[in-house]
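Asker: Below is the file coords-v8.txt, which contains compact mmCIF, C-alpha atoms and all ligand atoms.
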# COMPACT_ATOMS: atom_id res chain seq x y z
CA MET Y 22 -39.91 44.82 29.40
CA LYS Y 23 -37.68 47.22 27.49
CA ILE Y 24 -35.04 48.59 29.86
CA ALA Y 25 -32.54 51.31 28.96
CA VAL Y 26 -29.63 52.67 30.94
CA TYR Y 27 -28.53 56.31 30.84
CA PRO Y 28 -25.00 56.28 32.30
CA GLY Y 29 -22.90 59.26 33.26
CA SER Y 30 -21.05 61.25 35.86
CA PHE Y 31 -23.98 63.61 36.57
CA ASP Y 32 -21.65 65.84 38.62
CA PRO Y 33 -24.21 67.41 38.99
CA ILE Y 34 -27.36 66.72 36.96
CA THR Y 35 -28.24 69.55 34.53
CA ASN Y 36 -31.31 70.52 32.53
CA GLY Y 37 -29.61 68.92 29.53
CA HIS Y 38 -29.55 65.56 31.35
CA MET Y 39 -33.17 66.06 32.42
CA ASP Y 40 -34.22 66.64 28.83
CA ILE Y 41 -32.68 63.31 27.79
CA ILE Y 42 -34.14 61.51 30.84
CA LYS Y 43 -37.68 62.76 30.13
CA ARG Y 44 -37.54 61.88 26.44
CA ALA Y 45 -35.95 58.46 26.94
CA SER Y 46 -38.39 57.56 29.72
CA ARG Y 47 -41.23 58.03 27.23
CA ILE Y 48 -39.71 55.45 24.87
CA PHE Y 49 -38.72 52.68 27.31
CA ASP Y 50 -40.67 50.78 29.95
CA LYS Y 51 -37.92 51.47 32.45
CA LEU Y 52 -35.00 53.90 32.37
CA ILE Y 53 -32.15 53.41 34.81
CA VAL Y 54 -30.05 56.52 35.38
CA ALA Y 55 -26.68 55.06 36.35
CA VAL Y 56 -24.14 57.22 38.16
CA VAL Y 57 -20.57 56.07 37.59
CA ARG Y 58 -18.18 55.73 40.52
CA ASN Y 59 -14.84 56.41 38.91
CA PRO Y 60 -11.95 56.23 41.39
CA ASN Y 61 -9.65 57.85 38.79
CA LYS Y 62 -11.74 60.99 38.39
CA VAL Y 63 -12.18 63.72 40.99
CA SER Y 64 -15.86 64.56 41.42
CA MET Y 65 -17.31 67.56 43.21
CA PHE Y 66 -20.37 65.66 44.43
CA THR Y 67 -20.16 62.21 46.02
CA VAL Y 68 -21.98 59.35 44.31
CA ASN Y 69 -24.69 59.49 47.00
CA GLU Y 70 -25.11 63.24 46.57
CA ARG Y 71 -25.34 62.87 42.80
CA MET Y 72 -27.95 60.12 43.17
CA ASP Y 73 -29.96 62.17 45.68
CA LEU Y 74 -30.02 65.16 43.32
CA ILE Y 75 -31.22 62.99 40.43
CA ARG Y 76 -33.82 61.31 42.66
CA LYS Y 77 -35.27 64.71 43.57
CA ALA Y 78 -35.26 65.89 39.96
CA VAL Y 79 -37.01 62.80 38.54
CA ALA Y 80 -39.56 62.41 41.33
CA GLY Y 81 -42.40 62.90 38.83
CA LEU Y 82 -41.21 60.17 36.44
CA PRO Y 83 -42.42 56.80 37.79
CA ASN Y 84 -40.50 54.58 35.34
CA VAL Y 85 -37.11 56.15 36.10
CA GLU Y 86 -34.79 54.41 38.58
CA ILE Y 87 -31.51 55.69 39.99
CA ASP Y 88 -28.54 53.42 40.47
CA HIS Y 89 -24.76 53.53 40.46
CA PHE Y 90 -21.99 51.35 39.13
CA GLU Y 91 -18.25 50.91 39.16
CA GLY Y 92 -16.30 49.03 36.51
CA LEU Y 93 -17.50 48.21 33.02
CA LEU Y 94 -20.81 49.60 31.89
CA VAL Y 95 -21.59 46.42 29.92
CA ASP Y 96 -21.30 44.37 33.14
CA PHE Y 97 -23.78 46.69 34.84
CA MET Y 98 -26.09 46.45 31.82
CA ARG Y 99 -26.07 42.65 31.99
CA SER Y 100 -26.76 42.70 35.74
CA LYS Y 101 -29.87 44.79 35.02
CA ASN Y 102 -31.04 42.81 31.98
CA ALA Y 103 -30.73 45.99 29.94
CA ARG Y 104 -29.64 46.05 26.30
CA VAL Y 105 -29.84 49.73 25.39
CA ILE Y 106 -27.44 52.47 26.45
CA ILE Y 107 -28.81 56.00 26.08
CA LYS Y 108 -26.38 58.80 25.33
CA GLY Y 109 -27.04 62.47 24.73
CA LEU Y 110 -25.17 64.29 21.98
CA ARG Y 111 -24.74 68.04 22.21
CA ALA Y 112 -22.37 68.87 19.42
CA ILE Y 113 -20.00 67.40 16.87
CA SER Y 114 -17.29 67.71 19.52
CA ASP Y 115 -19.06 65.02 21.60
CA PHE Y 116 -19.24 62.67 18.67
CA GLU Y 117 -15.71 61.28 18.38
CA TYR Y 118 -15.46 60.19 22.01
CA GLU Y 119 -19.01 58.83 22.08
CA PHE Y 120 -18.46 56.97 18.80
CA GLN Y 121 -15.36 55.30 20.24
CA MET Y 122 -17.20 54.31 23.42
CA ALA Y 123 -20.21 52.97 21.51
CA LEU Y 124 -17.99 50.82 19.29
CA MET Y 125 -15.96 49.59 22.24
CA ASN Y 126 -19.08 48.70 24.21
CA ARG Y 127 -20.41 46.82 21.20
CA LYS Y 128 -17.13 44.92 20.94
CA LEU Y 129 -17.33 44.06 24.65
CA ASP Y 130 -20.93 42.88 24.25
CA PRO Y 131 -22.50 42.70 20.78
CA ASN Y 132 -25.97 42.34 22.31
CA ILE Y 133 -25.84 45.86 23.69
CA GLU Y 134 -26.85 48.82 21.51
CA THR Y 135 -26.05 52.49 22.10
CA LEU Y 136 -28.80 54.93 21.13
CA PHE Y 137 -27.91 58.59 20.73
CA MET Y 138 -30.42 61.33 21.38
CA MET Y 139 -29.72 64.84 20.13
CA THR Y 140 -29.98 67.30 22.95
CA ASN Y 141 -32.54 70.07 22.79
CA TYR Y 142 -30.72 73.03 21.15
CA LYS Y 143 -31.50 75.08 24.28
CA TYR Y 144 -29.03 72.93 26.21
CA SER Y 145 -26.33 72.47 23.59
CA TYR Y 146 -23.99 74.81 25.51
CA LEU Y 147 -24.68 73.24 28.89
CA SER Y 148 -22.46 70.88 30.87
CA SER Y 149 -21.92 69.92 34.51
CA SER Y 150 -18.51 71.62 34.38
CA VAL Y 151 -20.06 74.91 33.28
CA VAL Y 152 -22.66 74.66 36.07
CA LYS Y 153 -19.89 74.12 38.65
CA GLU Y 154 -17.82 77.00 37.32
CA ILE Y 155 -20.72 79.46 37.26
CA GLY Y 156 -22.05 78.36 40.65
CA ARG Y 157 -18.62 78.50 42.27
CA LEU Y 158 -18.06 82.03 41.01
CA GLY Y 159 -21.41 83.23 42.32
CA GLY Y 160 -23.34 83.26 39.02
CA CYS Y 161 -26.96 82.20 38.65
CA ILE Y 162 -27.49 78.50 37.90
CA GLY Y 163 -31.30 78.74 38.13
CA ASP Y 164 -31.86 78.11 34.41
CA LEU Y 165 -29.19 75.44 34.13
CA VAL Y 166 -30.25 72.74 36.59
CA PRO Y 167 -33.66 71.32 37.59
CA ASP Y 168 -35.64 73.63 39.91
CA GLU Y 169 -35.85 70.94 42.60
CA VAL Y 170 -32.07 70.89 43.09
CA VAL Y 171 -30.92 74.48 42.50
CA LEU Y 172 -30.62 75.24 46.23
CA ASP Y 173 -28.84 71.95 47.04
CA ILE Y 174 -26.28 72.53 44.33
CA GLN Y 175 -25.74 76.17 45.28
CA LYS Y 176 -25.29 75.17 48.93
CA LYS Y 177 -22.67 72.58 48.09
CA LEU Y 178 -20.78 74.89 45.74
CA ARG Y 179 -20.80 77.67 48.34
CA SER Y 180 -19.55 75.33 51.04
CA LEU Y 181 -16.67 74.26 48.80
CA SER Y 182 -15.69 77.78 47.82
CA SER Y 183 -15.72 78.83 51.46
CA GLY Y 184 -13.17 76.15 52.29
CA GLY Y 185 -15.36 73.08 52.86
CA GLN Y 186 -14.14 69.61 52.03
CA ASP Y 187 -14.37 68.37 48.46
CA ALA Y 188 -15.92 64.92 48.17
O1 LIG Y 201 -20.94 61.69 31.97
P1 LIG Y 201 -19.68 61.04 31.43
O2 LIG Y 201 -18.51 61.32 32.36
O3 LIG Y 201 -19.39 61.44 30.02
O4 LIG Y 201 -19.96 59.45 31.46
C1 LIG Y 201 -18.98 58.56 30.98
C2 LIG Y 201 -19.39 57.09 31.24
C3 LIG Y 201 -19.73 56.87 32.69
C4 LIG Y 201 -20.61 56.78 30.40
C5 LIG Y 201 -18.19 56.23 30.80
O5 LIG Y 201 -17.06 56.72 31.41
C6 LIG Y 201 -18.36 54.77 31.15
O6 LIG Y 201 -19.13 54.07 30.52
N1 LIG Y 201 -17.61 54.30 32.17
C7 LIG Y 201 -17.64 52.93 32.60
C8 LIG Y 201 -16.34 52.20 32.25
C9 LIG Y 201 -16.48 51.46 30.92
O7 LIG Y 201 -17.39 50.68 30.73
N2 LIG Y 201 -15.54 51.73 30.00
C10 LIG Y 201 -15.54 51.13 28.70
C11 LIG Y 201 -16.37 51.91 27.72
S1 LIG Y 201 -15.36 52.39 26.39
Take the structure from the file and write it as structure tokens.
Ligand code: PNS
Answerer:
Amino acid sequence: MKIAVYPGSFDPITNGHMDIIKRASRIFDKLIVAVVRNPNKVSMFTVNERMDLIRKAVAGLPNVEIDHFEGLLVDFMRSKNARVIIKGLRAISDFEYEFQMALMNRKLDPNIETLFMMTNYKYSYLSSSVVKEIGRLGGCIGDLVPDEVVLDIQKKLRSLSSGGQDA
């Protein structure tokens, strides 16, 4: 069985992520969307919230699983018997950082390959940070995130901007 892992922060999932998930899930037998728990990075959504949003968005894709990890990605890959990391590339500006990570992951485990998928041009301007900024300031995020999770994301962003606890 060919298993791939699509790792990321997904804080929160966007239509750009969904585009990569749909396309990668057509190529592999199983795609694991892996949410990173990074204690050194402040996230707006908790790991559980991020996983729940992804779960709702991918409900129609039977070969997509949701998981989370902390620590090295290559260790998670080995624990899942997966050898392919999927990464989305939006622009040249993504390349340098992704190139470094791909080479470092290959050094850590030469059996693991990173495959890059070019994002759909429609989403080349889209990022989780932009979604958070627009949502927080009352703009419309309807075209930016999957339909199934628009309301959940808006609710969370509203609760934060009205003084709720960050997670
Ligand atoms: O969505 P992001 O924030 O760009 O995802 C980054 C992620 C999670 C893919 C990256 O930070 C990662 O792989 N973290 C795990 C730690 C690790 O394995 N580091 C070594 C790779 S150079």
Asker: Quick one: pull the distance between atom CA of Asp164 of chain Y and atom CA of Val85 of chain Y, Å, one decimal.
Answerer: 22.6 Å
Asker: Using only C-alpha atoms and all ligand atoms, which of Y:Ser64, Y:Asn102, Y:Asn84, Y:Asn126 sits nearest ligand LIG 201 (chain Y)?
Answerer: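 Selected residue with least distance to ligand LIG 201 (chain Y): Y:Asn126.
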Asker: Can you tell me which residues come within 6 Å of ligand LIG 201 (chain Y) when counting all atoms listed in the file, ideally as a list in words?
Answerer: Pro28, Gly29, Ser30, Phe31, Val57, Gly92, Leu93, Leu94, Met122, Met125 and Asn126 of chain Y
Asker: May I have the protein, DNA and RNA residues with an atom at most 12 Å from (-25.2, 61.6, 49.0), counting all atoms listed in the file in the file's coordinates, returned as a list in words?
Answerer: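 Residues satisfying the cut-off, written out: Asp32, Pro33, Val56, Met65, Phe66, Thr67, Val68, Asn69, Glu70, Arg71, Met72, Asp73, Leu74, Ile75, Arg76, Lys77, His89, Asp173, Ile174, Lys177 and Ala188 of chain Y.
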Asker: May I have the residues within 12 Å of Ser182 of chain Y as an mmCIF file with C-alpha atoms, keeping the file's coordinate frame, using all atoms listed in the file and disregarding those fewer than 6 positions away in the same chain?
Answerer:
data_model
loop_
_atom_site.group_PDB
_atom_site.id
_atom_site.type_symbol
_atom_site.label_atom_id
_atom_site.label_comp_id
_atom_site.auth_asym_id
_atom_site.auth_seq_id
_atom_site.Cartn_x
_atom_site.Cartn_y
_atom_site.Cartn_z
ATOM 1 C CA MET Y 65 -17.310 67.560 43.210
ATOM 2 C CA LYS Y 153 -19.890 74.120 38.650
ATOM 3 C CA GLU Y 154 -17.820 77.000 37.320
ATOM 4 C CA ILE Y 155 -20.720 79.460 37.260
ATOM 5 C CA GLY Y 156 -22.050 78.360 40.650
ATOM 6 C CA ARG Y 157 -18.620 78.500 42.270
ATOM 7 C CA LEU Y 158 -18.060 82.030 41.010
ATOM 8 C CA GLY Y 159 -21.410 83.230 42.320
ATOM 9 C CA GLN Y 175 -25.740 76.170 45.280
ATOM 10 C CA LYS Y 176 -25.290 75.170 48.930
#
Asker: Quick one: everything within 7 Å of Asp88 of chain Y, counting all atoms listed in the file, minus sequence neighbours fewer than 5 positions away in the same chain. Send it as a list in words.
Answerer: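 Answer for this query is Ile53, Val54, Ala55 and Val56 of chain Y.
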Asker: Could you state the separation of atom CA of Val105 of chain Y and atom CA of Glu91 of chain Y in Å, given to one decimal place?
Answerer: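 Separation of atom CA of Val105 of chain Y and atom CA of Glu91 of chain Y: 18.0 Å.
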Asker: Which is closest to Ile162 of chain Y among Y:Thr140, Y:Ser100, Y:Thr135, Y:Ser149, if we use all atoms listed in the file?
Answerer: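 Ranked by minimum distance to Ile162 of chain Y, first place goes to Y:Ser149.
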Asker: Would you mind telling me which residue in Y:Leu165, Y:Met39, Y:Met22, Y:Ile106 lies nearest to Tyr146 of chain Y when using all atoms listed in the file?
Answerer: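 Smallest distance to Tyr146 of chain Y is found for Y:Leu165.
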Asker: Just the number, please: distance in Å from atom CA of Pro60 of chain Y to atom CA of Pro167 of chain Y, one decimal.
Answerer: 26.7 Å
